[in-house]
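*Asks:* Mind having a look at this structure? Questions to follow.
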Amino acid sequence: MNAAPLGPLSSAPPLPPGYLVSADPAWLDLPLIHAYLARESYWAPSIPPETVRRSIANSVCLGAYHQSMPGGPPRQVGFARVISDRATFAYLCDVFVLPDHRGKGLSKALVAAALGHPELLGLRRWMLVTKDAQSLYARFGFVKPVEPDRYMERVDRDIYRRQNQA
Ligand SMILES: CC(C)(COP(=O)(O)OP(=O)(O)OC[C@H]1O[C@@H](n2cnc3c(N)ncnc32)[C@H](O)[C@@H]1OP(=O)(O)O)[C@@H](O)C(=O)NCCC(=O)NCCS
C-alpha cells in the first residue's frame with residue numbers, strides 16, 4: 001500500500017492578462033451561474049435558481065473572472081464548486097468556463113485553486129464525476145476508482161424538472 005502523501009499536486013500555469021481566479025463568494029454572479037447550469041450544462045439541466053443559490057451558500061466556490069480593461073469590473077467567466085466537510089472529504093462539481101474564454105487555462109486554474117484552498121487542505125479523499133474531461137483532472141492526481149465495486153449512488157435524474165413544475 002502506498003501511503004505517500006499526494007501533494008504537492010500539479011499547479012496551473014499563469015493565466016493570460018486580465019484573468020484571475022477568486023474564492024471570494026461576494027464576487028459570484030448567481031444569475032450567470034444559474035443560467036449556465038440550467039441551460040447549458042449536461043449535468044444540471046433545469047436546476048431551479050433557489051437550488052443553485054442554496055448549493056453555493058453551502059459550498060466552497062471558485063470563480064474565474066475577466067477584466068476587459070484595467071480597473072474595469074471583473075466579469076465572471078468560469079466557476080467551480082466544492083462540497084466538503086472541510087476535514088476529510090470533498091466533491092468537486094459544476095466546473096465550467098464560458099465558451100469565449102476556453103483554452104486559456106481557466107479550468108486548470110479553478111481546479112488548482114480548489115485543491116489549494118486553505119479550508120480544503122489535508123483531506124483524505126476528493127471525488128468528482130465527469131463525462132469527458134478525465135484528462136483535465138488526471139493532471140491533478142485524480143484517477144478512476146481503484147475499487148469501483150465499492151462505489152454506490154442514489155440519483156433522482158428528474159428532480160429539477162419536477163421542482164420547476166411544482
Ligand atoms: C471542460 C472545460 C471546463 C475546460 O475549460 P478550459 O478553461 O477551456 O480548459 P483549460 O484551458 O484549463 O484546459 C483544459 C485542459 O484539459 C483538457 N481537457 C480534457 N478534457 C476536456 C474537455 N472535455 N473539454 C475541454 N478540455 C478538456 C484540454 O485539452 C486542456 O489540456 P491542455 O492543458 O493539455 O491543453 C470547458 O471546456 C467547459 O466549460 N466545458 C463545458 C462544461 C464541462 O464539460 N465541464 C466539465 C464538467 S466535469
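Every chain in the C-alpha cells takes a letter, A first, then B, and so on in the order presented; its residues are numbered from 1, and the ligands are numbered from 1 following the presented order.
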Show me which residues sit within 7 Å of ligand 1 when counting only C-alpha atoms and all ligand atoms, and put them as a ChimeraX atom specification.

*Replies:* /A:41,93-99,101-109,129-136

*Asks:* Pull C-alpha atoms from the residues just selected and write them as a short mmCIF file (atom, residue, chain, number, x, y, z; two decimals), in the first residue's frame.

*Replies:*
data_model
loop_
_atom_site.label_atom_id
_atom_site.label_comp_id
_atom_site.auth_asym_id
_atom_site.auth_seq_id
_atom_site.Cartn_x
_atom_site.Cartn_y
_atom_site.Cartn_z
CA SER A 41 -24.67 22.13 -18.65
CA CYS A 93 -18.51 19.73 -9.27
CA ASP A 94 -20.17 22.35 -11.50
CA VAL A 95 -16.90 23.16 -13.29
CA PHE A 96 -17.45 25.31 -16.38
CA VAL A 97 -15.83 28.07 -18.42
CA LEU A 98 -17.86 30.21 -20.81
CA PRO A 99 -17.15 29.31 -24.46
CA HIS A 101 -12.88 32.13 -22.59
CA ARG A 102 -11.98 28.46 -23.05
CA GLY A 103 -8.49 27.24 -23.92
CA LYS A 104 -6.79 29.84 -21.70
CA GLY A 105 -6.09 27.64 -18.69
CA LEU A 106 -9.05 28.81 -16.62
CA SER A 107 -10.37 25.35 -15.70
CA LYS A 108 -6.88 24.29 -14.65
CA ALA A 109 -6.63 27.45 -12.51
CA VAL A 129 -17.88 12.79 -11.85
CA THR A 130 -17.16 13.77 -15.45
CA LYS A 131 -18.43 12.68 -18.86
CA ASP A 132 -15.34 13.53 -20.91
CA ALA A 133 -12.86 15.73 -19.01
CA GLN A 134 -10.89 12.93 -17.33
CA SER A 135 -7.54 14.21 -18.67
CA LEU A 136 -8.15 17.66 -17.16
#

*Asks:* Quick one: everything within 7 Å of segment 44-56 of chain A, counting only C-alpha atoms, minus sequence neighbours fewer than 2 positions away in the same chain. Send it as a list in words.

*Replies:*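 Skipping anything fewer than 2 positions along the chain leaves Leu30, His34, Leu37, Ala38, Arg39, Ser41, Tyr42, Asn58, Ser59, Cys61, Tyr160, Arg161 and Asn164 of chain A.
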
*Asks:* Nearest to Trp126 of chain A among A:Pro145, A:Pro25, A:Gly71, A:Pro14, with distances taken over only C-alpha atoms: which residue is it?

*Replies:*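 That would be A:Pro145, the residue with the smallest distance to Trp126 of chain A.
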
*Asks:* Would you give me, as a count of residues only, the residues in chain A that DSSP reads as strand (DSSP E)?

*Replies:* 34

*Asks:* Pick out the closest residue to Leu62 of chain A from this set: A:Ala166, A:Ala80, A:Ile159, A:Ala87. Count only C-alpha atoms.

*Replies:*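 Comparing A:Ala166, A:Ala80, A:Ile159, A:Ala87 against Leu62 of chain A, the winner is A:Ala80.
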
*Asks:* Could you please determine the separation between atom CA of Trp27 of chain A and atom CA of Gln76 of chain A in Å, to one decimal place?

*Replies:*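 Value for the atom CA of Trp27 of chain A-atom CA of Gln76 of chain A distance: 8.0 Å.
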
*Asks:* For each of A:Tyr36, A:Val21, A:Leu15, A:Ala112, take the minimum atom-to-atom distance to Gly141 of chain A, counting only C-alpha atoms, then give the residue where this is smallest.

*Replies:*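 Among the listed residues, the smallest separation from Gly141 of chain A belongs to A:Ala112.
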
*Asks:* Leaving out Pro17 of chain A and any residue of its chain fewer than 3 positions from it, which residues lie within 9 Å of it when counting only C-alpha atoms, given as a PyMOL selection string?

*Replies:* chain A and resi 20+66-67

*Asks:* List the neighbours of Met127 of chain A out to 9 Å using only C-alpha atoms; skip same-chain residues closer than 2 positions along the sequence, and give me the result as a ChimeraX atom specification.

*Replies:* /A:89-93,125,129,142

*Asks:* Out of chain A, which residues get alpha helix (DSSP H) from DSSP, as a short mmCIF file (atom, residue, chain, number, x, y, z; two decimals) with C-alpha atoms, in the first residue's frame?

*Replies:*
data_model
loop_
_atom_site.label_atom_id
_atom_site.label_comp_id
_atom_site.auth_asym_id
_atom_site.auth_seq_id
_atom_site.Cartn_x
_atom_site.Cartn_y
_atom_site.Cartn_z
CA LEU A 30 -25.55 33.89 -9.32
CA PRO A 31 -27.77 34.62 -12.35
CA LEU A 32 -24.87 33.76 -14.68
CA ILE A 33 -24.06 30.56 -12.81
CA HIS A 34 -27.70 29.53 -12.78
CA ALA A 35 -28.13 30.33 -16.48
CA PRO A 49 -32.38 29.22 -9.18
CA GLU A 50 -33.10 28.63 -5.49
CA THR A 51 -31.33 25.26 -5.61
CA VAL A 52 -28.26 26.91 -7.17
CA ARG A 53 -28.34 29.68 -4.55
CA ARG A 54 -28.50 27.15 -1.70
CA SER A 55 -25.78 24.94 -3.21
CA ILE A 56 -23.45 27.92 -3.46
CA ALA A 57 -24.23 29.12 0.06
CA LEU A 106 -9.05 28.81 -16.62
CA SER A 107 -10.37 25.35 -15.70
CA LYS A 108 -6.88 24.29 -14.65
CA ALA A 109 -6.63 27.45 -12.51
CA LEU A 110 -10.05 26.72 -10.96
CA VAL A 111 -9.12 23.12 -10.09
CA ALA A 112 -5.73 24.20 -8.74
CA ALA A 113 -7.43 26.88 -6.62
CA ALA A 114 -9.91 24.32 -5.26
CA LEU A 115 -7.20 21.82 -4.36
CA GLN A 134 -10.89 12.93 -17.33
CA SER A 135 -7.54 14.21 -18.67
CA LEU A 136 -8.15 17.66 -17.16
CA TYR A 137 -8.44 16.16 -13.69
CA ALA A 138 -5.81 13.44 -14.18
CA ILE A 159 -35.92 16.04 -9.68
CA TYR A 160 -35.20 19.53 -11.09
CA ARG A 161 -37.85 19.19 -13.79
CA ARG A 162 -40.40 18.16 -11.16
CA GLN A 163 -39.35 21.05 -8.88
CA ASN A 164 -39.85 23.50 -11.73
CA GLN A 165 -43.35 22.18 -12.31
#

*Asks:* Go through A:Pro118, A:Pro70, A:Pro13, A:Gly63 and flag the residue nearest Ala26 of chain A, using only C-alpha atoms for the distances.

*Replies:* A:Gly63
